[in-house]
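Undergrad: Got a structure for you, written out below as structure tokens; questions coming shortly.
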Amino acid sequence: MPLVAHGRFLQCCLLFLFLGPGLSAAPVQEVLLVASGGWKSCKNGIDRQFIGTQFDQLVADLKTIFPQHRFSFIKTCTDLPAAKWEVPFRWVYRGARGDWTSTVTPEGLAGLVRKYRVTQADRIFWIGHSYGGWHAMVGSSRLGNSDGLFTLEPISAAECDVRDYLENRSKRLIKRRQVIHWGCRQAPTDVSRPAVAASANGQWVNYILPDRTRTGAVYLKGDIYSSAVTEAENLIYAIPPGDRAHHLLGLDAGVWQSMCQKISLTLGQADGGRCSQVRVDAEGRRVSAR
């Protein structure tokens, strides 16, 4: 090889060694997000359920932060009859395998995720509010291997069904004796919490209402609310107190920004500044964003 050509060859090799890793594309990851809404979240349809706006914004933010990755999602919502374990609830899948929609039971949710994961190396994150938080706990524990679980005021429909909820209420059309059902006032106990924590690869974040305000006064949480979980990281958010505090925490902009930041960190991006804060009304409709 001529001396000049040999020198150019060496230069090319050095450029590849020093610049190649920086110029090479980051490995593509398949990311599957599973979001489950709570009781009556199907009221406006599965694409406009209560947590739908916040979840859609989360997916959009993650796509912006990680343009090299491919994101798919499964979104579920719960009708009035679907609160109980054995009754199917609606779901929609959108992503690498197309667009699909049907129904599934809580115990079948893990099988649905297995069906729609692209590869066994998929990054999988579960999100659920109220009954949907219970669905996410059941699905995550049955799947056995995911990258994170985010429960927002989780309530078990097996421990607090519709009848229990109505008896548990202090305000009723027909005045009757109130019956306290503790399943309506605590995180689910009918799912093995150690198994849930293990299935989430150590990242189980549980968002809940406070017991008391900073002044020590009792925080009014209404008649239905969840509780802290020993096996999870418990983050307390003081939503305006009252009967709808349980519902409103599932829509809170700060809660969803926190989830976005934690998922971003897990996927390798420490900068959570690009996670939006979207404010919505009690029906989950967008109010403003910043």
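In the structure tokens, chains take the letters A, B, ... in the order shown, each chain's residues start at 1, and ligands count up from 1 in the order shown.
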For Gln68 of chain A, list every protein, DNA or RNA residue within 8 Å, evaluated using only C-alpha atoms, and leave out those in the same chain fewer than 2 positions away; present the list as a list in words.
TA: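 Final neighbour list, sorted by chain and number: Ala26, Pro27, Val28, Gln29, Phe66 and Arg70 of chain A.
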Undergrad: Which residues are near Gly148 of chain A? Cut-off 12 Å, only C-alpha atoms, ignore same chain within fewer than 5 positions. Put them as an MDAnalysis selection string.
TA: chainID A and resid 31:34 123:128 136:137 140:141 196:206 232:233 259:260 262:267
Undergrad: Which parts of segment 193-241 of chain A does DSSP call alpha helix (DSSP H) when run on the backbone here, written out as a list in words?
TA: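 Those in segment 193-241 of chain A that DSSP calls alpha helix (DSSP H) are Arg193, Pro194, Ala195, Val196, Ala197, Ala198 and Ser199 of chain A.
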Undergrad: Find the distance between atom CA of Arg169 of chain A and atom CA of Arg244 of chain A and write it in Å to one decimal.
TA: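 Atom-to-atom, atom CA of Arg169 of chain A and atom CA of Arg244 of chain A are spaced 12.3 Å apart.
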Undergrad: With distances taken over only C-alpha atoms, which of A:Arg117, A:Arg90, A:Arg193, A:His246 is nearest to Ile155 of chain A?
TA: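 Checking each candidate against Ile155 of chain A, we get A:His246 as the closest.
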Undergrad: So that I can see what lies close to Gln277 of chain A, please list as a PDB file with all heavy atoms, in the first residue's frame the residues with an atom at most 12 Å from it, counting only C-alpha atoms and leaving out residues fewer than 6 positions away in the same chain.
TA:
```pdb
ATOM      1  N   THR A  53     -56.378  11.890  28.796  1.00  0.00           N
ATOM      2  CA  THR A  53     -55.613  13.071  28.373  1.00  0.00           C
ATOM      3  C   THR A  53     -54.223  13.063  28.984  1.00  0.00           C
ATOM      4  O   THR A  53     -53.217  13.315  28.301  1.00  0.00           O
ATOM      5  CB  THR A  53     -56.355  14.360  28.761  1.00  0.00           C
ATOM      6  OG1 THR A  53     -57.607  14.408  28.072  1.00  0.00           O
ATOM      7  CG2 THR A  53     -55.538  15.592  28.394  1.00  0.00           C
ATOM      8  N   GLN A  54     -54.150  12.764  30.280  1.00  0.00           N
ATOM      9  CA  GLN A  54     -52.851  12.735  30.951  1.00  0.00           C
ATOM     10  C   GLN A  54     -51.971  11.618  30.403  1.00  0.00           C
ATOM     11  O   GLN A  54     -50.763  11.803  30.183  1.00  0.00           O
ATOM     12  CB  GLN A  54     -53.040  12.559  32.462  1.00  0.00           C
ATOM     13  CG  GLN A  54     -53.730  13.725  33.148  1.00  0.00           C
ATOM     14  CD  GLN A  54     -52.828  14.955  33.254  1.00  0.00           C
ATOM     15  OE1 GLN A  54     -51.869  15.118  32.522  1.00  0.00           O
ATOM     16  NE2 GLN A  54     -53.145  15.831  34.190  1.00  0.00           N
ATOM     17  N   PHE A  55     -52.566  10.462  30.161  1.00  0.00           N
ATOM     18  CA  PHE A  55     -51.785   9.342  29.638  1.00  0.00           C
ATOM     19  C   PHE A  55     -51.297   9.626  28.217  1.00  0.00           C
ATOM     20  O   PHE A  55     -50.137   9.351  27.881  1.00  0.00           O
ATOM     21  CB  PHE A  55     -52.605   8.060  29.665  1.00  0.00           C
ATOM     22  CG  PHE A  55     -51.887   6.874  29.086  1.00  0.00           C
ATOM     23  CD1 PHE A  55     -50.790   6.327  29.734  1.00  0.00           C
ATOM     24  CD2 PHE A  55     -52.287   6.326  27.882  1.00  0.00           C
ATOM     25  CE1 PHE A  55     -50.108   5.242  29.197  1.00  0.00           C
ATOM     26  CE2 PHE A  55     -51.623   5.243  27.341  1.00  0.00           C
ATOM     27  CZ  PHE A  55     -50.535   4.693  27.998  1.00  0.00           C
ATOM     28  N   GLN A  57     -50.649  12.470  26.919  1.00  0.00           N
ATOM     29  CA  GLN A  57     -49.568  13.448  27.006  1.00  0.00           C
ATOM     30  C   GLN A  57     -48.280  12.788  27.483  1.00  0.00           C
ATOM     31  O   GLN A  57     -47.182  13.116  27.011  1.00  0.00           O
ATOM     32  CB  GLN A  57     -49.945  14.579  27.968  1.00  0.00           C
ATOM     33  CG  GLN A  57     -48.917  15.701  28.034  1.00  0.00           C
ATOM     34  CD  GLN A  57     -48.728  16.400  26.702  1.00  0.00           C
ATOM     35  OE1 GLN A  57     -49.702  16.847  26.102  1.00  0.00           O
ATOM     36  NE2 GLN A  57     -47.483  16.489  26.220  1.00  0.00           N
ATOM     37  N   LEU A  58     -48.396  11.839  28.410  1.00  0.00           N
ATOM     38  CA  LEU A  58     -47.224  11.090  28.868  1.00  0.00           C
ATOM     39  C   LEU A  58     -46.561  10.367  27.702  1.00  0.00           C
ATOM     40  O   LEU A  58     -45.337  10.423  27.528  1.00  0.00           O
ATOM     41  CB  LEU A  58     -47.647  10.088  29.944  1.00  0.00           C
ATOM     42  CG  LEU A  58     -46.590   9.055  30.354  1.00  0.00           C
ATOM     43  CD1 LEU A  58     -45.418   9.729  31.073  1.00  0.00           C
ATOM     44  CD2 LEU A  58     -47.218   7.975  31.244  1.00  0.00           C
ATOM     45  N   ASP A  61     -44.843  12.909  25.449  1.00  0.00           N
ATOM     46  CA  ASP A  61     -43.604  13.405  26.046  1.00  0.00           C
ATOM     47  C   ASP A  61     -42.480  12.389  25.908  1.00  0.00           C
ATOM     48  O   ASP A  61     -41.349  12.735  25.556  1.00  0.00           O
ATOM     49  CB  ASP A  61     -43.816  13.735  27.524  1.00  0.00           C
ATOM     50  CG  ASP A  61     -44.582  15.029  27.739  1.00  0.00           C
ATOM     51  OD1 ASP A  61     -44.721  15.809  26.767  1.00  0.00           O
ATOM     52  OD2 ASP A  61     -45.043  15.267  28.863  1.00  0.00           O
ATOM     53  N   LEU A 251     -55.889  12.572  38.305  1.00  0.00           N
ATOM     54  CA  LEU A 251     -55.810  13.521  37.191  1.00  0.00           C
ATOM     55  C   LEU A 251     -54.755  14.600  37.413  1.00  0.00           C
ATOM     56  O   LEU A 251     -54.544  15.437  36.528  1.00  0.00           O
ATOM     57  CB  LEU A 251     -57.170  14.205  36.997  1.00  0.00           C
ATOM     58  CG  LEU A 251     -58.370  13.281  36.778  1.00  0.00           C
ATOM     59  CD1 LEU A 251     -59.656  14.096  36.755  1.00  0.00           C
ATOM     60  CD2 LEU A 251     -58.214  12.483  35.502  1.00  0.00           C
ATOM     61  N   ASP A 252     -54.089  14.573  38.559  1.00  0.00           N
ATOM     62  CA  ASP A 252     -53.215  15.674  38.946  1.00  0.00           C
ATOM     63  C   ASP A 252     -51.991  15.805  38.040  1.00  0.00           C
ATOM     64  O   ASP A 252     -51.308  14.818  37.757  1.00  0.00           O
ATOM     65  CB  ASP A 252     -52.761  15.474  40.387  1.00  0.00           C
ATOM     66  CG  ASP A 252     -51.932  16.633  40.892  1.00  0.00           C
ATOM     67  OD1 ASP A 252     -52.503  17.718  41.094  1.00  0.00           O
ATOM     68  OD2 ASP A 252     -50.704  16.450  41.035  1.00  0.00           O
ATOM     69  N   ALA A 253     -51.710  17.049  37.607  1.00  0.00           N
ATOM     70  CA  ALA A 253     -50.593  17.301  36.688  1.00  0.00           C
ATOM     71  C   ALA A 253     -49.255  16.925  37.307  1.00  0.00           C
ATOM     72  O   ALA A 253     -48.377  16.370  36.632  1.00  0.00           O
ATOM     73  CB  ALA A 253     -50.595  18.784  36.293  1.00  0.00           C
ATOM     74  N   GLY A 254     -49.066  17.218  38.597  1.00  0.00           N
ATOM     75  CA  GLY A 254     -47.810  16.896  39.253  1.00  0.00           C
ATOM     76  C   GLY A 254     -47.556  15.412  39.355  1.00  0.00           C
ATOM     77  O   GLY A 254     -46.413  14.949  39.217  1.00  0.00           O
ATOM     78  N   VAL A 255     -48.622  14.634  39.581  1.00  0.00           N
ATOM     79  CA  VAL A 255     -48.494  13.173  39.647  1.00  0.00           C
ATOM     80  C   VAL A 255     -48.002  12.626  38.312  1.00  0.00           C
ATOM     81  O   VAL A 255     -47.072  11.813  38.247  1.00  0.00           O
ATOM     82  CB  VAL A 255     -49.843  12.539  40.044  1.00  0.00           C
ATOM     83  CG1 VAL A 255     -49.822  11.032  39.828  1.00  0.00           C
ATOM     84  CG2 VAL A 255     -50.179  12.861  41.494  1.00  0.00           C
ATOM     85  N   TRP A 256     -48.605  13.091  37.223  1.00  0.00           N
ATOM     86  CA  TRP A 256     -48.240  12.575  35.902  1.00  0.00           C
ATOM     87  C   TRP A 256     -46.853  13.061  35.473  1.00  0.00           C
ATOM     88  O   TRP A 256     -46.114  12.336  34.799  1.00  0.00           O
ATOM     89  CB  TRP A 256     -49.312  12.945  34.883  1.00  0.00           C
ATOM     90  CG  TRP A 256     -50.526  12.094  35.067  1.00  0.00           C
ATOM     91  CD1 TRP A 256     -51.586  12.339  35.897  1.00  0.00           C
ATOM     92  CD2 TRP A 256     -50.791  10.823  34.468  1.00  0.00           C
ATOM     93  NE1 TRP A 256     -52.493  11.307  35.839  1.00  0.00           N
ATOM     94  CE2 TRP A 256     -52.040  10.365  34.974  1.00  0.00           C
ATOM     95  CE3 TRP A 256     -50.103  10.034  33.551  1.00  0.00           C
ATOM     96  CZ2 TRP A 256     -52.597   9.150  34.590  1.00  0.00           C
ATOM     97  CZ3 TRP A 256     -50.667   8.825  33.154  1.00  0.00           C
ATOM     98  CH2 TRP A 256     -51.896   8.395  33.670  1.00  0.00           C
ATOM     99  N   GLN A 257     -46.477  14.261  35.847  1.00  0.00           N
ATOM    100  CA  GLN A 257     -45.124  14.721  35.552  1.00  0.00           C
ATOM    101  C   GLN A 257     -44.110  13.880  36.314  1.00  0.00           C
ATOM    102  O   GLN A 257     -43.053  13.523  35.774  1.00  0.00           O
ATOM    103  CB  GLN A 257     -44.967  16.188  35.922  1.00  0.00           C
ATOM    104  CG  GLN A 257     -43.604  16.758  35.523  1.00  0.00           C
ATOM    105  CD  GLN A 257     -43.445  18.205  35.928  1.00  0.00           C
ATOM    106  OE1 GLN A 257     -43.650  18.552  37.095  1.00  0.00           O
ATOM    107  NE2 GLN A 257     -43.087  19.058  34.980  1.00  0.00           N
ATOM    108  N   SER A 258     -44.420  13.545  37.549  1.00  0.00           N
ATOM    109  CA  SER A 258     -43.549  12.684  38.344  1.00  0.00           C
ATOM    110  C   SER A 258     -43.356  11.324  37.672  1.00  0.00           C
ATOM    111  O   SER A 258     -42.235  10.807  37.581  1.00  0.00           O
ATOM    112  CB  SER A 258     -44.138  12.498  39.745  1.00  0.00           C
ATOM    113  OG  SER A 258     -43.489  11.462  40.448  1.00  0.00           O
ATOM    114  N   MET A 259     -44.445  10.731  37.176  1.00  0.00           N
ATOM    115  CA  MET A 259     -44.347   9.443  36.483  1.00  0.00           C
ATOM    116  C   MET A 259     -43.465   9.557  35.246  1.00  0.00           C
ATOM    117  O   MET A 259     -42.615   8.696  34.985  1.00  0.00           O
ATOM    118  CB  MET A 259     -45.733   8.950  36.085  1.00  0.00           C
ATOM    119  CG  MET A 259     -46.474   8.242  37.180  1.00  0.00           C
ATOM    120  SD  MET A 259     -47.968   7.442  36.560  1.00  0.00           S
ATOM    121  CE  MET A 259     -49.074   8.852  36.466  1.00  0.00           C
ATOM    122  N   CYS A 260     -43.666  10.620  34.479  1.00  0.00           N
ATOM    123  CA  CYS A 260     -42.878  10.833  33.265  1.00  0.00           C
ATOM    124  C   CYS A 260     -41.389  10.910  33.593  1.00  0.00           C
ATOM    125  O   CYS A 260     -40.552  10.301  32.924  1.00  0.00           O
ATOM    126  CB  CYS A 260     -43.342  12.106  32.561  1.00  0.00           C
ATOM    127  SG  CYS A 260     -42.399  12.558  31.092  1.00  0.00           S
ATOM    128  N   GLN A 261     -41.061  11.632  34.648  1.00  0.00           N
ATOM    129  CA  GLN A 261     -39.660  11.778  35.046  1.00  0.00           C
ATOM    130  C   GLN A 261     -39.067  10.457  35.492  1.00  0.00           C
ATOM    131  O   GLN A 261     -37.924  10.134  35.151  1.00  0.00           O
ATOM    132  CB  GLN A 261     -39.552  12.835  36.146  1.00  0.00           C
ATOM    133  CG  GLN A 261     -39.855  14.248  35.652  1.00  0.00           C
ATOM    134  CD  GLN A 261     -39.986  15.251  36.775  1.00  0.00           C
ATOM    135  OE1 GLN A 261     -40.185  14.887  37.939  1.00  0.00           O
ATOM    136  NE2 GLN A 261     -39.877  16.535  36.454  1.00  0.00           N
ATOM    137  N   ARG A 286     -58.563  18.681  28.996  1.00  0.00           N
ATOM    138  CA  ARG A 286     -57.447  19.608  29.114  1.00  0.00           C
ATOM    139  C   ARG A 286     -57.924  21.022  29.438  1.00  0.00           C
ATOM    140  O   ARG A 286     -58.849  21.551  28.821  1.00  0.00           O
ATOM    141  CB  ARG A 286     -56.648  19.620  27.817  1.00  0.00           C
ATOM    142  CG  ARG A 286     -55.414  20.498  27.834  1.00  0.00           C
ATOM    143  CD  ARG A 286     -54.777  20.519  26.448  1.00  0.00           C
ATOM    144  NE  ARG A 286     -54.309  19.197  26.067  1.00  0.00           N
ATOM    145  CZ  ARG A 286     -53.038  18.789  26.181  1.00  0.00           C
ATOM    146  NH1 ARG A 286     -52.129  19.631  26.660  1.00  0.00           N
ATOM    147  NH2 ARG A 286     -52.673  17.592  25.804  1.00  0.00           N
ATOM    148  N   VAL A 287     -57.222  21.632  30.410  1.00  0.00           N
ATOM    149  CA  VAL A 287     -57.497  23.019  30.775  1.00  0.00           C
ATOM    150  C   VAL A 287     -56.387  23.909  30.260  1.00  0.00           C
ATOM    151  O   VAL A 287     -56.610  24.901  29.589  1.00  0.00           O
ATOM    152  CB  VAL A 287     -57.656  23.171  32.302  1.00  0.00           C
ATOM    153  CG1 VAL A 287     -57.805  24.652  32.680  1.00  0.00           C
ATOM    154  CG2 VAL A 287     -58.846  22.378  32.808  1.00  0.00           C
ATOM    155  N   SER A 288     -55.154  23.575  30.591  1.00  0.00           N
ATOM    156  CA  SER A 288     -54.013  24.343  30.126  1.00  0.00           C
ATOM    157  C   SER A 288     -52.776  23.478  30.254  1.00  0.00           C
ATOM    158  O   SER A 288     -52.780  22.446  30.900  1.00  0.00           O
ATOM    159  CB  SER A 288     -53.840  25.624  30.948  1.00  0.00           C
ATOM    160  OG  SER A 288     -53.533  25.305  32.292  1.00  0.00           O
ATOM    161  N   ALA A 289     -51.673  23.925  29.627  1.00  0.00           N
ATOM    162  CA  ALA A 289     -50.416  23.190  29.705  1.00  0.00           C
ATOM    163  C   ALA A 289     -49.278  24.189  29.756  1.00  0.00           C
ATOM    164  O   ALA A 289     -49.398  25.310  29.284  1.00  0.00           O
ATOM    165  CB  ALA A 289     -50.257  22.262  28.497  1.00  0.00           C
ATOM    166  N   ARG A 290     -48.170  23.725  30.350  1.00  0.00           N
ATOM    167  CA  ARG A 290     -46.985  24.576  30.334  1.00  0.00           C
ATOM    168  C   ARG A 290     -45.741  23.719  30.268  1.00  0.00           C
ATOM    169  O   ARG A 290     -45.772  22.556  30.587  1.00  0.00           O
ATOM    170  CB  ARG A 290     -46.939  25.475  31.569  1.00  0.00           C
ATOM    171  CG  ARG A 290     -46.639  24.782  32.895  1.00  0.00           C
ATOM    172  CD  ARG A 290     -46.329  25.834  33.972  1.00  0.00           C
ATOM    173  NE  ARG A 290     -45.917  25.213  35.190  1.00  0.00           N
ATOM    174  CZ  ARG A 290     -46.730  24.956  36.215  1.00  0.00           C
ATOM    175  NH1 ARG A 290     -48.003  25.260  36.103  1.00  0.00           N
ATOM    176  NH2 ARG A 290     -46.281  24.398  37.322  1.00  0.00           N
TER     177      ARG A 290
END
```
Undergrad: Using only C-alpha atoms, which of A:Tyr225, A:Trp39, A:Phe73, A:Phe150 sits nearest Pro188 of chain A?
TA: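 Answer, going by the shortest atom-to-atom distance: A:Tyr225.
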Undergrad: What's the 9 Å shell around Val104 of chain A, counting only C-alpha atoms, without same-chain residues fewer than 2 positions away, as a PyMOL selection string?
TA: chain A and resi 87-91+102+106-109+112
Undergrad: Write to file, as a compact mmCIF listing (two decimals), in the first residue's frame, the residues of the selection just made, with C-alpha atoms.
TA:
```
# COMPACT_ATOMS: atom_id res chain seq x y z
CA VAL A 87 -66.44 -9.16 34.43
CA PRO A 88 -64.45 -8.07 31.33
CA PHE A 89 -63.52 -4.45 30.78
CA ARG A 90 -62.63 -2.65 27.57
CA TRP A 91 -59.13 -2.17 26.21
CA SER A 102 -61.73 -5.78 22.69
CA PRO A 106 -58.18 -8.42 35.25
CA GLU A 107 -56.71 -11.90 35.47
CA GLY A 108 -56.30 -11.93 31.67
CA LEU A 109 -54.50 -8.57 31.50
CA LEU A 112 -52.83 -9.49 26.85
```
Undergrad: Rank A:Ala35, A:Tyr116, A:Asp223, A:Asp190 by their smallest atom-to-atom distance to Asp164 of chain A, using only C-alpha atoms, and report the top residue only.
TA: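 Looking only at the distances to Asp164 of chain A, the closest residue turns out to be A:Asp223.
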Undergrad: Using Å and a single decimal, report how far atom CA of Gln186 of chain A sits from atom CA of Gly111 of chain A.
TA: 27.3 Å
Undergrad: Between A:Ala270, A:Val280, A:Ala245, A:Leu143, which one has atoms that come closest to Ala110 of chain A, using only C-alpha atoms?
TA: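 Closest candidate: A:Leu143.
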Undergrad: Counting only C-alpha atoms, which residue out of A:Gly222, A:Gly139, A:Gly183, A:Pro67 sits closest to Asp243 of chain A?
TA: A:Gly222
